[in-house]
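Engineer: Quick one, data-v6.csv (CSV, C-alpha atoms):
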chain,number,residue,atom,x,y,z
A,10,MET,CA,95.9,77.1,83.0
A,11,ILE,CA,96.9,80.5,84.4
A,12,ARG,CA,98.7,80.2,87.8
A,13,ASN,CA,98.4,83.2,90.0
A,14,THR,CA,101.0,84.5,92.5
A,15,LEU,CA,99.3,85.6,95.7
A,16,LEU,CA,101.2,88.0,97.9
A,17,GLN,CA,99.9,88.8,101.3
A,18,LEU,CA,101.4,91.7,103.1
A,19,PRO,CA,100.7,92.5,106.7
A,20,ALA,CA,99.3,96.0,107.2
A,21,ARG,CA,96.9,97.6,109.6
A,22,GLY,CA,93.6,96.0,109.3
A,23,PRO,CA,93.0,93.3,106.7
A,24,LEU,CA,95.9,91.8,104.7
A,25,PHE,CA,96.8,93.5,101.5
A,26,ARG,CA,96.5,91.1,98.6
A,27,LEU,CA,98.3,91.2,95.3
A,28,ASN,CA,97.0,88.6,92.8
A,29,ILE,CA,99.1,88.6,89.6
A,30,PRO,CA,98.6,86.1,86.8
A,31,GLN,CA,102.0,84.5,85.9
A,32,ALA,CA,101.1,85.0,82.3
A,33,HIS,CA,101.5,88.7,83.0
A,34,PHE,CA,105.1,88.2,84.1
A,35,ARG,CA,105.9,86.4,80.9
A,36,ARG,CA,104.4,89.2,78.8
A,37,TYR,CA,106.4,91.8,80.7
A,38,LEU,CA,109.6,89.8,80.6
A,39,SER,CA,109.3,89.3,76.9
A,40,SER,CA,108.4,92.9,76.1
A,41,THR,CA,111.4,94.6,77.7
A,42,SER,CA,115.1,94.3,77.2
A,43,SER,CA,116.2,96.0,80.4
A,44,PHE,CA,115.0,95.3,83.9
A,45,THR,CA,114.7,97.6,86.9
A,46,PRO,CA,115.5,95.8,90.2
A,47,LEU,CA,112.9,96.1,93.0
A,48,THR,CA,114.4,98.0,95.9
A,49,ARG,CA,113.0,99.6,99.1
A,50,GLU,CA,113.2,103.0,97.2
A,51,THR,CA,111.0,101.6,94.4
A,52,PHE,CA,108.0,101.9,96.8
A,53,ILE,CA,108.8,105.1,98.6
A,54,SER,CA,107.1,108.3,97.4
A,55,PRO,CA,109.2,111.4,97.1
A,56,ASP,CA,106.4,113.0,99.2
A,57,TYR,CA,106.6,110.6,102.1
A,58,VAL,CA,108.0,113.2,104.5
A,59,LYS,CA,105.2,115.7,103.5
A,60,ILE,CA,102.6,112.9,104.0
A,61,ALA,CA,104.0,112.1,107.4
A,62,THR,CA,104.1,115.7,108.6
A,63,THR,CA,100.4,116.2,107.7
A,64,LYS,CA,99.3,113.7,110.3
A,65,SER,CA,97.8,114.9,113.6
A,66,THR,CA,100.0,112.7,115.9
A,67,MET,CA,103.5,111.5,116.4
A,68,PHE,CA,105.2,109.2,118.9
A,69,THR,CA,107.7,110.1,121.6
A,70,THR,CA,109.1,108.4,124.7
A,71,SER,CA,108.1,109.1,128.3
A,72,PRO,CA,108.6,107.3,131.6
A,73,GLU,CA,105.6,105.2,130.7
A,74,GLY,CA,107.2,104.1,127.4
A,75,VAL,CA,106.4,105.1,123.8
A,76,VAL,CA,103.3,107.4,123.7
A,77,GLU,CA,101.3,109.0,120.9
A,78,VAL,CA,101.2,112.8,121.2
A,79,PRO,CA,99.8,115.6,119.0
A,80,LEU,CA,102.1,116.5,116.2
A,81,LEU,CA,104.1,119.6,117.0
A,82,ASP,CA,102.9,122.8,115.2
A,83,SER,CA,106.5,123.5,114.2
A,84,ILE,CA,106.6,120.2,112.3
A,85,LYS,CA,103.3,121.0,110.5
A,86,GLU,CA,104.5,124.4,109.6
A,87,THR,CA,108.0,123.6,108.4
A,88,GLY,CA,107.4,120.0,107.1
A,89,ASN,CA,110.7,119.1,108.7
A,90,ILE,CA,111.3,116.1,111.0
A,91,PRO,CA,113.1,117.2,114.2
A,92,GLN,CA,116.6,115.9,115.0
A,93,GLY,CA,116.3,112.6,117.0
A,94,TYR,CA,113.1,111.5,115.1
A,95,SER,CA,112.6,109.4,112.0
A,96,ILE,CA,109.7,108.4,109.8
A,97,ASP,CA,108.8,104.8,110.3
A,98,PHE,CA,106.9,102.7,107.7
A,99,VAL,CA,104.6,100.3,109.7
A,100,LEU,CA,104.8,98.0,106.7
A,101,ASP,CA,108.4,98.7,105.6
A,102,PRO,CA,109.1,98.6,101.9
A,103,SER,CA,112.1,96.4,102.5
A,104,ARG,CA,109.8,93.7,103.8
A,105,VAL,CA,107.7,94.0,100.7
A,106,VAL,CA,110.8,93.6,98.5
A,107,ARG,CA,111.9,90.5,100.5
A,108,LEU,CA,108.4,88.9,100.3
A,109,LEU,CA,108.3,89.5,96.5
A,110,ALA,CA,111.8,88.1,96.1
A,111,LYS,CA,110.7,84.9,97.9
A,112,GLN,CA,108.1,84.6,95.1
A,113,LYS,CA,110.8,85.2,92.5
A,114,ILE,CA,109.5,88.7,91.7
A,115,THR,CA,112.7,90.8,91.6
A,116,THR,CA,112.1,93.5,89.0
A,117,VAL,CA,109.6,96.3,88.5
A,118,GLU,CA,108.6,94.9,85.1
A,119,GLN,CA,107.3,91.7,86.8
A,120,ILE,CA,104.5,93.6,88.5
A,121,PRO,CA,101.6,95.1,86.6
A,122,PRO,CA,101.6,98.9,86.7
A,123,ALA,CA,98.3,99.1,88.5
A,124,ALA,CA,99.4,96.6,91.1
A,125,LEU,CA,102.7,98.5,91.6
A,126,GLU,CA,100.8,101.8,92.1
A,127,GLU,CA,98.5,100.1,94.6
A,128,LEU,CA,101.5,98.8,96.6
A,129,LYS,CA,103.1,102.3,96.5
A,130,GLU,CA,99.8,103.9,97.7
A,131,THR,CA,99.5,101.4,100.6
A,132,ILE,CA,103.1,101.9,101.7
A,133,ASN,CA,102.9,105.7,101.5
A,134,ALA,CA,99.4,106.0,103.0
A,135,PRO,CA,99.3,108.3,106.1
A,136,GLU,CA,98.3,105.3,108.3
A,137,ASN,CA,101.4,103.5,107.3
A,138,LEU,CA,103.8,106.4,108.3
A,139,ASN,CA,104.7,107.4,111.8
A,140,ILE,CA,107.1,110.0,113.2
A,141,ILE,CA,108.9,108.1,116.0
A,142,PRO,CA,112.1,108.6,118.0
A,143,THR,CA,115.1,107.5,116.0
A,144,SER,CA,116.2,105.2,118.8
A,145,ILE,CA,112.9,103.3,118.6
A,146,TYR,CA,113.2,103.2,114.8
A,147,GLU,CA,116.7,101.7,114.9
A,148,MET,CA,115.6,99.1,117.5
A,149,LYS,CA,112.7,98.1,115.2
A,150,GLN,CA,115.0,97.9,112.2
A,151,ALA,CA,117.4,95.6,114.1
A,152,ILE,CA,114.5,93.4,115.3
A,153,GLU,CA,113.2,93.1,111.7
A,154,ALA,CA,116.7,92.3,110.4
A,155,GLN,CA,117.1,89.6,113.0
A,156,SER,CA,113.7,88.2,112.3
A,157,ASP,CA,114.4,88.1,108.5
A,158,ALA,CA,117.8,86.4,109.1
A,159,GLU,CA,116.1,83.7,111.3
A,160,LEU,CA,113.4,83.1,108.6
A,161,ASP,CA,116.2,82.7,106.0
A,162,GLU,CA,117.9,79.9,108.0
Show this structure as structure tokens.

Structural biologist:
Amino acid sequence: MIRNTLLQLPARGPLFRLNIPQAHFRRYLSSTSSFTPLTRETFISPDYVKIATTKSTMFTTSPEGVVEVPLLDSIKETGNIPQGYSIDFVLDPSRVVRLLAKQKITTVEQIPPAALEELKETINAPENLNIIPTSIYEMKQAIEAQSDAELDE
């Protein structure tokens, strides 16, 4: 009997599902002598800034709160994120790493190459990247860290 590991990751729209036969893990584990640990950086494309700066909108703060506004032409032209802004992953790769670790998936070799690429594509998709004020980004990171700590208790 082949047992499957099902990973459901929250994303915009339907859940992203990764269904990997456990036999695949054994094949990868027995075929390699060195292992690459899964980290947040495993899933981040070198082009993520370029991808984020090709979007048509970004977020900023106003008296009404956080608002979506057209992306500044200077950002589109230079491809640089202005000081005081950060790129936010709606589905943060660190959460993916954490969810995989809970299922005892801790190395790159445990994930089939096609599934790893699909995860990377989902994480680096334009709809998963937002340019937001760094203060909002830092608040989100703190809230997620607190939430993760509470789940671990």

Engineer: Write out as a PDB file with C-alpha atoms, in the frame of the given file the residues lying within 10 Å of Asp101 (chain A), counting all atoms listed in the file and excluding same-chain residues fewer than 6 positions away.

Structural biologist:
ATOM      1  CA  PRO A  19     100.700  92.500 106.700  1.00  0.00           C
ATOM      2  CA  ALA A  20      99.300  96.000 107.200  1.00  0.00           C
ATOM      3  CA  ARG A  49     113.000  99.600  99.100  1.00  0.00           C
ATOM      4  CA  PHE A  52     108.000 101.900  96.800  1.00  0.00           C
ATOM      5  CA  ILE A  53     108.800 105.100  98.600  1.00  0.00           C
ATOM      6  CA  ILE A 132     103.100 101.900 101.700  1.00  0.00           C
ATOM      7  CA  ASN A 133     102.900 105.700 101.500  1.00  0.00           C
ATOM      8  CA  ASN A 137     101.400 103.500 107.300  1.00  0.00           C
ATOM      9  CA  LEU A 138     103.800 106.400 108.300  1.00  0.00           C
ATOM     10  CA  GLN A 150     115.000  97.900 112.200  1.00  0.00           C
ATOM     11  CA  GLU A 153     113.200  93.100 111.700  1.00  0.00           C
TER      12      GLU A 153
END

Engineer: Using only C-alpha atoms, which protein or nucleic acid residues come within 10 Å of region 83-87 of chain A? Drop anything in the same chain fewer than 4 positions from it, and give the result as a ChimeraX atom specification.

Structural biologist: /A:59,61-65,91

Engineer: Write out as a PDB file with C-alpha atoms, keeping the file's coordinate frame the residues lying within 10 Å of Asn139 (chain A), counting only C-alpha atoms and excluding same-chain residues fewer than 3 positions away.

Structural biologist:
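Result written to out-v9.pdb:
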ATOM      1  CA  VAL A  58     108.000 113.200 104.500  1.00  0.00           C
ATOM      2  CA  ILE A  60     102.600 112.900 104.000  1.00  0.00           C
ATOM      3  CA  ALA A  61     104.000 112.100 107.400  1.00  0.00           C
ATOM      4  CA  THR A  62     104.100 115.700 108.600  1.00  0.00           C
ATOM      5  CA  LYS A  64      99.300 113.700 110.300  1.00  0.00           C
ATOM      6  CA  THR A  66     100.000 112.700 115.900  1.00  0.00           C
ATOM      7  CA  MET A  67     103.500 111.500 116.400  1.00  0.00           C
ATOM      8  CA  PHE A  68     105.200 109.200 118.900  1.00  0.00           C
ATOM      9  CA  GLU A  77     101.300 109.000 120.900  1.00  0.00           C
ATOM     10  CA  TYR A  94     113.100 111.500 115.100  1.00  0.00           C
ATOM     11  CA  SER A  95     112.600 109.400 112.000  1.00  0.00           C
ATOM     12  CA  ILE A  96     109.700 108.400 109.800  1.00  0.00           C
ATOM     13  CA  ASP A  97     108.800 104.800 110.300  1.00  0.00           C
ATOM     14  CA  PHE A  98     106.900 102.700 107.700  1.00  0.00           C
ATOM     15  CA  VAL A  99     104.600 100.300 109.700  1.00  0.00           C
ATOM     16  CA  PRO A 135      99.300 108.300 106.100  1.00  0.00           C
ATOM     17  CA  GLU A 136      98.300 105.300 108.300  1.00  0.00           C
ATOM     18  CA  PRO A 142     112.100 108.600 118.000  1.00  0.00           C
ATOM     19  CA  TYR A 146     113.200 103.200 114.800  1.00  0.00           C
TER      20      TYR A 146
END

Engineer: Quote the spacing between CA of Ser103 (chain A) and CA of Thr48 (chain A) in Å to one decimal place.

Structural biologist: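 Going from CA of Ser103 (chain A) over to CA of Thr48 (chain A), I get 7.2 Å.
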
Engineer: Considering only C-alpha atoms, state which residue in the set A:Ala158, A:Thr116, A:Pro72, A:Val78 is at the smallest distance from Leu47 (chain A).

Structural biologist: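 Among A:Ala158, A:Thr116, A:Pro72, A:Val78, it is A:Thr116 that comes nearest to Leu47 (chain A).
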
Engineer: Reconstruct region 150-161 of chain A at the level of all heavy atoms, and format the result as a PDB file, in the frame of the given file.

Structural biologist:
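Resulting contents of result_14.pdb:
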ATOM      1  N   GLN A 150     114.251  98.349 113.333  1.00  0.00           N
ATOM      2  CA  GLN A 150     115.000  97.900 112.200  1.00  0.00           C
ATOM      3  C   GLN A 150     115.874  96.670 112.537  1.00  0.00           C
ATOM      4  O   GLN A 150     115.959  95.700 111.784  1.00  0.00           O
ATOM      5  CB  GLN A 150     115.849  99.001 111.587  1.00  0.00           C
ATOM      6  CG  GLN A 150     115.047 100.137 110.994  1.00  0.00           C
ATOM      7  CD  GLN A 150     114.182  99.709 109.831  1.00  0.00           C
ATOM      8  OE1 GLN A 150     114.658  99.054 108.908  1.00  0.00           O
ATOM      9  NE2 GLN A 150     112.914 100.052 109.878  1.00  0.00           N
ATOM     10  N   ALA A 151     116.518  96.729 113.697  1.00  0.00           N
ATOM     11  CA  ALA A 151     117.400  95.600 114.100  1.00  0.00           C
ATOM     12  C   ALA A 151     116.565  94.364 114.397  1.00  0.00           C
ATOM     13  O   ALA A 151     116.983  93.260 114.023  1.00  0.00           O
ATOM     14  CB  ALA A 151     118.157  96.033 115.392  1.00  0.00           C
ATOM     15  N   ILE A 152     115.410  94.515 115.023  1.00  0.00           N
ATOM     16  CA  ILE A 152     114.500  93.400 115.300  1.00  0.00           C
ATOM     17  C   ILE A 152     114.054  92.748 113.999  1.00  0.00           C
ATOM     18  O   ILE A 152     114.055  91.520 113.837  1.00  0.00           O
ATOM     19  CB  ILE A 152     113.367  93.781 116.210  1.00  0.00           C
ATOM     20  CG1 ILE A 152     113.887  94.088 117.612  1.00  0.00           C
ATOM     21  CG2 ILE A 152     112.291  92.706 116.235  1.00  0.00           C
ATOM     22  CD1 ILE A 152     112.875  94.789 118.505  1.00  0.00           C
ATOM     23  N   GLU A 153     113.645  93.590 113.039  1.00  0.00           N
ATOM     24  CA  GLU A 153     113.200  93.100 111.700  1.00  0.00           C
ATOM     25  C   GLU A 153     114.308  92.370 110.997  1.00  0.00           C
ATOM     26  O   GLU A 153     114.097  91.328 110.387  1.00  0.00           O
ATOM     27  CB  GLU A 153     112.568  94.181 110.906  1.00  0.00           C
ATOM     28  CG  GLU A 153     111.193  94.594 111.400  1.00  0.00           C
ATOM     29  CD  GLU A 153     110.528  95.656 110.540  1.00  0.00           C
ATOM     30  OE1 GLU A 153     111.159  96.190 109.595  1.00  0.00           O
ATOM     31  OE2 GLU A 153     109.364  95.963 110.828  1.00  0.00           O
ATOM     32  N   ALA A 154     115.515  92.916 111.050  1.00  0.00           N
ATOM     33  CA  ALA A 154     116.700  92.300 110.400  1.00  0.00           C
ATOM     34  C   ALA A 154     116.958  90.922 110.998  1.00  0.00           C
ATOM     35  O   ALA A 154     117.225  89.946 110.291  1.00  0.00           O
ATOM     36  CB  ALA A 154     117.881  93.191 110.453  1.00  0.00           C
ATOM     37  N   GLN A 155     116.895  90.852 112.329  1.00  0.00           N
ATOM     38  CA  GLN A 155     117.100  89.600 113.000  1.00  0.00           C
ATOM     39  C   GLN A 155     116.041  88.573 112.649  1.00  0.00           C
ATOM     40  O   GLN A 155     116.326  87.413 112.376  1.00  0.00           O
ATOM     41  CB  GLN A 155     117.178  89.794 114.523  1.00  0.00           C
ATOM     42  CG  GLN A 155     117.457  88.521 115.293  1.00  0.00           C
ATOM     43  CD  GLN A 155     117.509  88.758 116.796  1.00  0.00           C
ATOM     44  OE1 GLN A 155     117.376  89.881 117.274  1.00  0.00           O
ATOM     45  NE2 GLN A 155     117.699  87.703 117.543  1.00  0.00           N
ATOM     46  N   SER A 156     114.815  89.020 112.637  1.00  0.00           N
ATOM     47  CA  SER A 156     113.700  88.200 112.300  1.00  0.00           C
ATOM     48  C   SER A 156     113.840  87.638 110.848  1.00  0.00           C
ATOM     49  O   SER A 156     113.634  86.456 110.588  1.00  0.00           O
ATOM     50  CB  SER A 156     112.377  88.934 112.430  1.00  0.00           C
ATOM     51  OG  SER A 156     111.305  88.216 111.907  1.00  0.00           O
ATOM     52  N   ASP A 157     114.215  88.530 109.927  1.00  0.00           N
ATOM     53  CA  ASP A 157     114.400  88.100 108.500  1.00  0.00           C
ATOM     54  C   ASP A 157     115.543  87.099 108.435  1.00  0.00           C
ATOM     55  O   ASP A 157     115.428  86.118 107.692  1.00  0.00           O
ATOM     56  CB  ASP A 157     114.724  89.330 107.665  1.00  0.00           C
ATOM     57  CG  ASP A 157     113.513  90.228 107.466  1.00  0.00           C
ATOM     58  OD1 ASP A 157     112.383  89.817 107.793  1.00  0.00           O
ATOM     59  OD2 ASP A 157     113.705  91.365 106.980  1.00  0.00           O
ATOM     60  N   ALA A 158     116.625  87.312 109.172  1.00  0.00           N
ATOM     61  CA  ALA A 158     117.800  86.400 109.100  1.00  0.00           C
ATOM     62  C   ALA A 158     117.343  85.011 109.653  1.00  0.00           C
ATOM     63  O   ALA A 158     117.738  83.977 109.100  1.00  0.00           O
ATOM     64  CB  ALA A 158     118.923  86.927 109.937  1.00  0.00           C
ATOM     65  N   GLU A 159     116.544  84.981 110.707  1.00  0.00           N
ATOM     66  CA  GLU A 159     116.100  83.700 111.300  1.00  0.00           C
ATOM     67  C   GLU A 159     115.165  82.983 110.285  1.00  0.00           C
ATOM     68  O   GLU A 159     115.206  81.761 110.173  1.00  0.00           O
ATOM     69  CB  GLU A 159     115.377  83.942 112.590  1.00  0.00           C
ATOM     70  CG  GLU A 159     116.332  84.346 113.707  1.00  0.00           C
ATOM     71  CD  GLU A 159     115.625  84.768 114.981  1.00  0.00           C
ATOM     72  OE1 GLU A 159     114.375  84.736 115.036  1.00  0.00           O
ATOM     73  OE2 GLU A 159     116.345  85.167 115.924  1.00  0.00           O
ATOM     74  N   LEU A 160     114.334  83.727 109.557  1.00  0.00           N
ATOM     75  CA  LEU A 160     113.400  83.100 108.600  1.00  0.00           C
ATOM     76  C   LEU A 160     114.211  82.539 107.405  1.00  0.00           C
ATOM     77  O   LEU A 160     113.785  81.577 106.780  1.00  0.00           O
ATOM     78  CB  LEU A 160     112.410  84.131 108.079  1.00  0.00           C
ATOM     79  CG  LEU A 160     111.330  84.518 109.069  1.00  0.00           C
ATOM     80  CD1 LEU A 160     110.472  85.641 108.507  1.00  0.00           C
ATOM     81  CD2 LEU A 160     110.460  83.332 109.446  1.00  0.00           C
ATOM     82  N   ASP A 161     115.359  83.148 107.094  1.00  0.00           N
ATOM     83  CA  ASP A 161     116.200  82.700 106.000  1.00  0.00           C
ATOM     84  C   ASP A 161     116.972  81.423 106.321  1.00  0.00           C
ATOM     85  O   ASP A 161     117.494  80.763 105.433  1.00  0.00           O
ATOM     86  CB  ASP A 161     117.132  83.783 105.511  1.00  0.00           C
ATOM     87  CG  ASP A 161     116.374  84.894 104.792  1.00  0.00           C
ATOM     88  OD1 ASP A 161     115.248  84.661 104.317  1.00  0.00           O
ATOM     89  OD2 ASP A 161     116.938  86.015 104.695  1.00  0.00           O
TER      90      ASP A 161
END
